[in-house]
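S.K.: After the structure tokens below, expect a handful of questions from me.
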Amino acid sequence: MQNVINALRVLEEVAARQPAGVGELARGLGLPKSTVQRSLRTLHEAGWIRPAGGTVTRWQVTSKALQVGRRAELGLRDVALPVMEELRQRTGETIHLMIPEGDAVVLIERLETDKPLRIVLPLGIRLPLHASANGKAVLAYLDCPIAELPTYTDTTITDPELLSAELAEVRARGYADNRGEWRSDIAAVAAAVIGPDGPVASLSVSTPASRMPDDLRREYGKLVTQAARTLSESLPR
């Protein structure tokens, strides 16, 4: 079992650092080089990684790993789209579906508002956990303190104690909000989609900052919390 765990850890580290060499991987994981080398050979034989640039000293993931991740995302999208559409109909605003990845959340699906003034984020964009509604919605249920809290705007929370208090409030009310903490022109409310092992995604209602006064923020917060709960209950167990 430990060999399997080591191989999976090495695969994750290759994906995070690619192209990566044995020494770099061993230092990052705190494992002996011999252990990392055995895991690399196993992953290579199974088709999960390949030499980068034709040399066996550095490695990168293959399309096999990407395809597995893509299928997982598509399955989540299939379940989420009807819930997202209902939330868009009820709010008239842009709805985002994001998944946690390292120290960020990644946008994998969006349904845009029909209103001419809108904020358009590209699919695949990464938002910081501590400075976005989607990120804080997920972070509230993760046991992984962030070492660095970069400042993005005047309202970004960078004090660990203040962030901890904010996350406690997120858990209490069921949703997170963003008051221009990543970009000053964006406001959002978001709720975590919880799977058997913790948060697997987050749903958000995103608007230009001028279009989310406090009364609508509370209303949208309740709606996105209900939508995230519905999606959580719809996920395969």
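The chains in the structure tokens are called A, B, ... from first to last as shown; in each chain the residues are counted from 1, and the ligands are counted from 1 in the order shown.
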Set the distance at 9 Å and use only C-alpha atoms: which residues neighbour range 177-188 of chain A once local chain neighbours fewer than 4 positions away are removed? I'd like the list as a PyMOL selection string.
M.R.: chain A and resi 119+127-128+130-134+136-137+151-157+170+204-212+217+220-221
S.K.: List as a list in words the protein and nucleic acid residues near Gln2 in chain A, meaning an atom at most 12 Å away when only C-alpha atoms are counted, but skip any in the same chain fewer than 4 places from it.
M.R.: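 After dropping sequence-adjacent residues, the list is Asn6, Ala7, Leu8, Arg9, Thr35 and Ser39 of chain A.
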S.K.: Quick one: everything within 10 Å of Gly102 in chain A, counting only C-alpha atoms, minus sequence neighbours fewer than 6 positions away in the same chain. Send it as a PyMOL selection string.
M.R.: chain A and resi 16+128-129+144
S.K.: Please produce an output containing N, CA, C and O atoms for each residue in the selection, written as a PDB file, in the first residue's frame.
M.R.:
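Now in selection.pdb:
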ATOM      1  N   ALA A  16       2.745  19.084 -10.510  1.00  0.00           N
ATOM      2  CA  ALA A  16       2.907  20.432  -9.962  1.00  0.00           C
ATOM      3  C   ALA A  16       4.193  21.103 -10.427  1.00  0.00           C
ATOM      4  O   ALA A  16       4.244  22.330 -10.575  1.00  0.00           O
ATOM      5  N   PRO A 128      -7.130  33.020  -6.167  1.00  0.00           N
ATOM      6  CA  PRO A 128      -6.522  32.693  -4.869  1.00  0.00           C
ATOM      7  C   PRO A 128      -7.580  32.256  -3.851  1.00  0.00           C
ATOM      8  O   PRO A 128      -8.694  32.789  -3.821  1.00  0.00           O
ATOM      9  N   LEU A 129      -7.214  31.307  -3.020  1.00  0.00           N
ATOM     10  CA  LEU A 129      -8.152  30.798  -2.019  1.00  0.00           C
ATOM     11  C   LEU A 129      -8.583  31.884  -1.039  1.00  0.00           C
ATOM     12  O   LEU A 129      -9.756  31.942  -0.645  1.00  0.00           O
ATOM     13  N   CYS A 144      -5.774  23.352   5.731  1.00  0.00           N
ATOM     14  CA  CYS A 144      -4.492  23.640   5.082  1.00  0.00           C
ATOM     15  C   CYS A 144      -4.231  25.135   5.133  1.00  0.00           C
ATOM     16  O   CYS A 144      -4.571  25.865   4.214  1.00  0.00           O
TER      17      CYS A 144
END
S.K.: Which is closer to Ser234 in chain A than all the others in A:Val22, A:Val120, A:Leu31, A:Val79, using only C-alpha atoms?
M.R.: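 Comparing A:Val22, A:Val120, A:Leu31, A:Val79 against Ser234 in chain A, the winner is A:Val79.
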S.K.: Please identify the helix (DSSP H, G or I) residues within range 194-230 of chain A (assignment by DSSP from backbone atoms) and present them as an mmCIF file with all heavy atoms, in the first residue's frame.
M.R.:
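The file below, result.cif, is the result:
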data_model
loop_
_atom_site.group_PDB
_atom_site.id
_atom_site.type_symbol
_atom_site.label_atom_id
_atom_site.label_comp_id
_atom_site.auth_asym_id
_atom_site.auth_seq_id
_atom_site.Cartn_x
_atom_site.Cartn_y
_atom_site.Cartn_z
ATOM 1 N N ALA A 209 -19.175 44.925 -9.111
ATOM 2 C CA ALA A 209 -19.310 45.338 -7.712
ATOM 3 C C ALA A 209 -20.501 46.264 -7.484
ATOM 4 O O ALA A 209 -21.167 46.196 -6.443
ATOM 5 C CB ALA A 209 -18.018 46.008 -7.243
ATOM 6 N N SER A 210 -20.802 47.088 -8.468
ATOM 7 C CA SER A 210 -21.891 48.057 -8.315
ATOM 8 C C SER A 210 -23.267 47.403 -8.292
ATOM 9 O O SER A 210 -24.249 48.053 -7.937
ATOM 10 C CB SER A 210 -21.837 49.073 -9.465
ATOM 11 O OG SER A 210 -21.989 48.412 -10.717
ATOM 12 N N ARG A 211 -23.340 46.121 -8.662
ATOM 13 C CA ARG A 211 -24.639 45.465 -8.798
ATOM 14 C C ARG A 211 -24.929 44.489 -7.646
ATOM 15 O O ARG A 211 -25.849 43.680 -7.747
ATOM 16 C CB ARG A 211 -24.699 44.731 -10.144
ATOM 17 C CG ARG A 211 -26.116 44.687 -10.693
ATOM 18 C CD ARG A 211 -26.180 44.558 -12.185
ATOM 19 N NE ARG A 211 -25.618 43.345 -12.726
ATOM 20 C CZ ARG A 211 -24.932 43.279 -13.860
ATOM 21 N NH1 ARG A 211 -24.693 44.383 -14.553
ATOM 22 N NH2 ARG A 211 -24.460 42.136 -14.313
ATOM 23 N N ASP A 214 -25.872 45.166 -0.227
ATOM 24 C CA ASP A 214 -25.919 44.207 0.872
ATOM 25 C C ASP A 214 -27.194 43.361 0.885
ATOM 26 O O ASP A 214 -27.152 42.172 1.224
ATOM 27 C CB ASP A 214 -25.778 44.936 2.209
ATOM 28 C CG ASP A 214 -24.344 45.377 2.461
ATOM 29 O OD1 ASP A 214 -23.437 44.864 1.772
ATOM 30 O OD2 ASP A 214 -24.123 46.235 3.336
ATOM 31 N N ASP A 215 -28.341 43.957 0.508
ATOM 32 C CA ASP A 215 -29.574 43.173 0.547
ATOM 33 C C ASP A 215 -29.543 42.053 -0.494
ATOM 34 O O ASP A 215 -29.938 40.911 -0.210
ATOM 35 C CB ASP A 215 -30.804 44.063 0.356
ATOM 36 C CG ASP A 215 -30.756 44.868 -0.938
ATOM 37 O OD1 ASP A 215 -29.656 45.054 -1.497
ATOM 38 O OD2 ASP A 215 -31.833 45.303 -1.395
ATOM 39 N N LEU A 216 -29.032 42.360 -1.690
ATOM 40 C CA LEU A 216 -28.916 41.323 -2.719
ATOM 41 C C LEU A 216 -27.819 40.322 -2.361
ATOM 42 O O LEU A 216 -27.938 39.131 -2.664
ATOM 43 C CB LEU A 216 -28.613 41.951 -4.079
ATOM 44 C CG LEU A 216 -29.813 42.435 -4.887
ATOM 45 C CD1 LEU A 216 -29.352 42.982 -6.238
ATOM 46 C CD2 LEU A 216 -30.820 41.330 -5.096
ATOM 47 N N ARG A 217 -26.764 40.786 -1.718
ATOM 48 C CA ARG A 217 -25.688 39.891 -1.300
ATOM 49 C C ARG A 217 -26.242 38.791 -0.388
ATOM 50 O O ARG A 217 -25.925 37.620 -0.546
ATOM 51 C CB ARG A 217 -24.596 40.689 -0.586
ATOM 52 C CG ARG A 217 -23.355 39.875 -0.239
ATOM 53 C CD ARG A 217 -22.354 40.762 0.516
ATOM 54 N NE ARG A 217 -21.967 41.908 -0.284
ATOM 55 C CZ ARG A 217 -20.959 41.917 -1.143
ATOM 56 N NH1 ARG A 217 -20.233 40.813 -1.304
ATOM 57 N NH2 ARG A 217 -20.661 42.993 -1.829
ATOM 58 N N ARG A 218 -27.073 39.179 0.566
ATOM 59 C CA ARG A 218 -27.668 38.192 1.470
ATOM 60 C C ARG A 218 -28.623 37.263 0.730
ATOM 61 O O ARG A 218 -28.625 36.047 0.954
ATOM 62 C CB ARG A 218 -28.390 38.906 2.614
ATOM 63 C CG ARG A 218 -27.446 39.576 3.608
ATOM 64 C CD ARG A 218 -28.205 40.078 4.815
ATOM 65 N NE ARG A 218 -29.104 41.178 4.470
ATOM 66 C CZ ARG A 218 -28.751 42.463 4.496
ATOM 67 N NH1 ARG A 218 -27.507 42.807 4.840
ATOM 68 N NH2 ARG A 218 -29.614 43.413 4.180
ATOM 69 N N GLU A 219 -29.427 37.826 -0.171
ATOM 70 C CA GLU A 219 -30.366 37.004 -0.940
ATOM 71 C C GLU A 219 -29.630 36.013 -1.834
ATOM 72 O O GLU A 219 -29.946 34.814 -1.861
ATOM 73 C CB GLU A 219 -31.270 37.895 -1.793
ATOM 74 C CG GLU A 219 -32.262 37.114 -2.648
ATOM 75 C CD GLU A 219 -33.092 38.016 -3.546
ATOM 76 O OE1 GLU A 219 -33.191 39.227 -3.252
ATOM 77 O OE2 GLU A 219 -33.635 37.509 -4.541
ATOM 78 N N TYR A 220 -28.624 36.509 -2.564
ATOM 79 C CA TYR A 220 -27.851 35.626 -3.431
ATOM 80 C C TYR A 220 -27.080 34.588 -2.611
ATOM 81 O O TYR A 220 -26.901 33.441 -3.055
ATOM 82 C CB TYR A 220 -26.861 36.438 -4.265
ATOM 83 C CG TYR A 220 -27.491 37.303 -5.332
ATOM 84 C CD1 TYR A 220 -26.739 38.286 -5.984
ATOM 85 C CD2 TYR A 220 -28.832 37.161 -5.697
ATOM 86 C CE1 TYR A 220 -27.306 39.081 -6.973
ATOM 87 C CE2 TYR A 220 -29.400 37.956 -6.674
ATOM 88 C CZ TYR A 220 -28.624 38.922 -7.305
ATOM 89 O OH TYR A 220 -29.179 39.720 -8.280
ATOM 90 N N GLY A 221 -26.642 34.980 -1.425
ATOM 91 C CA GLY A 221 -25.936 34.045 -0.567
ATOM 92 C C GLY A 221 -26.811 32.862 -0.183
ATOM 93 O O GLY A 221 -26.360 31.706 -0.200
ATOM 94 N N LYS A 222 -28.051 33.127 0.144
ATOM 95 C CA LYS A 222 -28.982 32.044 0.482
ATOM 96 C C LYS A 222 -29.242 31.155 -0.733
ATOM 97 O O LYS A 222 -29.277 29.925 -0.614
ATOM 98 C CB LYS A 222 -30.294 32.632 1.001
ATOM 99 C CG LYS A 222 -30.171 33.335 2.338
ATOM 100 C CD LYS A 222 -31.499 33.964 2.754
ATOM 101 C CE LYS A 222 -31.361 34.723 4.070
ATOM 102 N NZ LYS A 222 -32.644 35.395 4.449
ATOM 103 N N LEU A 223 -29.407 31.784 -1.898
ATOM 104 C CA LEU A 223 -29.686 31.009 -3.110
ATOM 105 C C LEU A 223 -28.504 30.131 -3.510
ATOM 106 O O LEU A 223 -28.683 28.969 -3.895
ATOM 107 C CB LEU A 223 -30.046 31.954 -4.261
ATOM 108 C CG LEU A 223 -31.387 32.680 -4.142
ATOM 109 C CD1 LEU A 223 -31.549 33.699 -5.276
ATOM 110 C CD2 LEU A 223 -32.547 31.691 -4.163
ATOM 111 N N VAL A 224 -27.286 30.675 -3.421
ATOM 112 C CA VAL A 224 -26.121 29.886 -3.822
ATOM 113 C C VAL A 224 -25.855 28.776 -2.813
ATOM 114 O O VAL A 224 -25.398 27.684 -3.174
ATOM 115 C CB VAL A 224 -24.881 30.793 -4.008
ATOM 116 C CG1 VAL A 224 -24.231 31.167 -2.684
ATOM 117 C CG2 VAL A 224 -23.860 30.129 -4.920
ATOM 118 N N THR A 225 -26.181 29.011 -1.549
ATOM 119 C CA THR A 225 -26.037 27.955 -0.537
ATOM 120 C C THR A 225 -26.991 26.798 -0.829
ATOM 121 O O THR A 225 -26.606 25.624 -0.757
ATOM 122 C CB THR A 225 -26.310 28.519 0.870
ATOM 123 O OG1 THR A 225 -25.391 29.584 1.130
ATOM 124 C CG2 THR A 225 -26.141 27.449 1.935
ATOM 125 N N GLN A 226 -28.233 27.123 -1.178
ATOM 126 C CA GLN A 226 -29.207 26.084 -1.526
ATOM 127 C C GLN A 226 -28.763 25.317 -2.768
ATOM 128 O O GLN A 226 -28.863 24.082 -2.830
ATOM 129 C CB GLN A 226 -30.587 26.719 -1.763
ATOM 130 C CG GLN A 226 -31.212 27.326 -0.523
ATOM 131 C CD GLN A 226 -32.433 28.162 -0.846
ATOM 132 O OE1 GLN A 226 -32.816 28.316 -2.017
ATOM 133 N NE2 GLN A 226 -33.053 28.737 0.172
ATOM 134 N N ALA A 227 -28.252 26.051 -3.768
ATOM 135 C CA ALA A 227 -27.817 25.404 -5.014
ATOM 136 C C ALA A 227 -26.636 24.467 -4.759
ATOM 137 O O ALA A 227 -26.587 23.353 -5.286
ATOM 138 C CB ALA A 227 -27.443 26.467 -6.043
ATOM 139 N N ALA A 228 -25.666 24.914 -3.949
ATOM 140 C CA ALA A 228 -24.510 24.073 -3.648
ATOM 141 C C ALA A 228 -24.930 22.830 -2.876
ATOM 142 O O ALA A 228 -24.389 21.736 -3.099
ATOM 143 C CB ALA A 228 -23.475 24.870 -2.860
ATOM 144 N N ARG A 229 -25.899 22.992 -1.980
ATOM 145 C CA ARG A 229 -26.380 21.820 -1.231
ATOM 146 C C ARG A 229 -27.071 20.833 -2.163
ATOM 147 O O ARG A 229 -26.871 19.614 -2.048
ATOM 148 C CB ARG A 229 -27.346 22.279 -0.129
ATOM 149 C CG ARG A 229 -27.799 21.150 0.802
ATOM 150 C CD ARG A 229 -28.714 21.658 1.890
ATOM 151 N NE ARG A 229 -28.048 22.658 2.721
ATOM 152 C CZ ARG A 229 -28.450 23.916 2.862
ATOM 153 N NH1 ARG A 229 -29.509 24.343 2.196
ATOM 154 N NH2 ARG A 229 -27.797 24.737 3.644
ATOM 155 N N THR A 230 -27.865 21.350 -3.094
ATOM 156 C CA THR A 230 -28.517 20.483 -4.074
ATOM 157 C C THR A 230 -27.492 19.719 -4.905
ATOM 158 O O THR A 230 -27.626 18.520 -5.142
ATOM 159 C CB THR A 230 -29.420 21.318 -5.015
ATOM 160 O OG1 THR A 230 -30.449 21.928 -4.243
ATOM 161 C CG2 THR A 230 -30.051 20.437 -6.091
#
S.K.: If you measure from CA of Asp143 in chain A to CA of Leu167 in chain A, what distance in Å do you get, rounded to one decimal?
M.R.: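 Computed distance, CA of Asp143 in chain A to CA of Leu167 in chain A, equals 11.4 Å.
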S.K.: Calculated over only C-alpha atoms, which of the candidates A:Ala191, A:Ile146, A:Ala52, A:Leu139 has the smallest distance to Glu166 in chain A?
M.R.: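 Result for the nearest residue to Glu166 in chain A: A:Leu139.
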S.K.: Using only C-alpha atoms, which of the listed residues (A:Ile49, A:Ala201, A:Leu81, A:Ala165) sits closest to Leu107 in chain A?
M.R.: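 Using only C-alpha atoms, the shortest distance to Leu107 in chain A belongs to A:Ala201.
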S.K.: Between A:Leu97, A:Arg110, A:Arg88, A:Leu163, which residue has the minimum interatomic distance to Leu76 in chain A, considering only C-alpha atoms?
M.R.: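 Of the candidates, the smallest distance to Leu76 in chain A is held by A:Leu97.
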S.K.: Tell me which protein, DNA and RNA residues are within 12 Å of Val14 in chain A, counting only C-alpha atoms, leaving out same-chain ones fewer than 5 positions away, and put them as a VMD selection string.
M.R.: chain A and resid 7 to 9 19 to 26 28 to 29 36 39 to 40 43 to 44 48 to 52 58 to 62 65
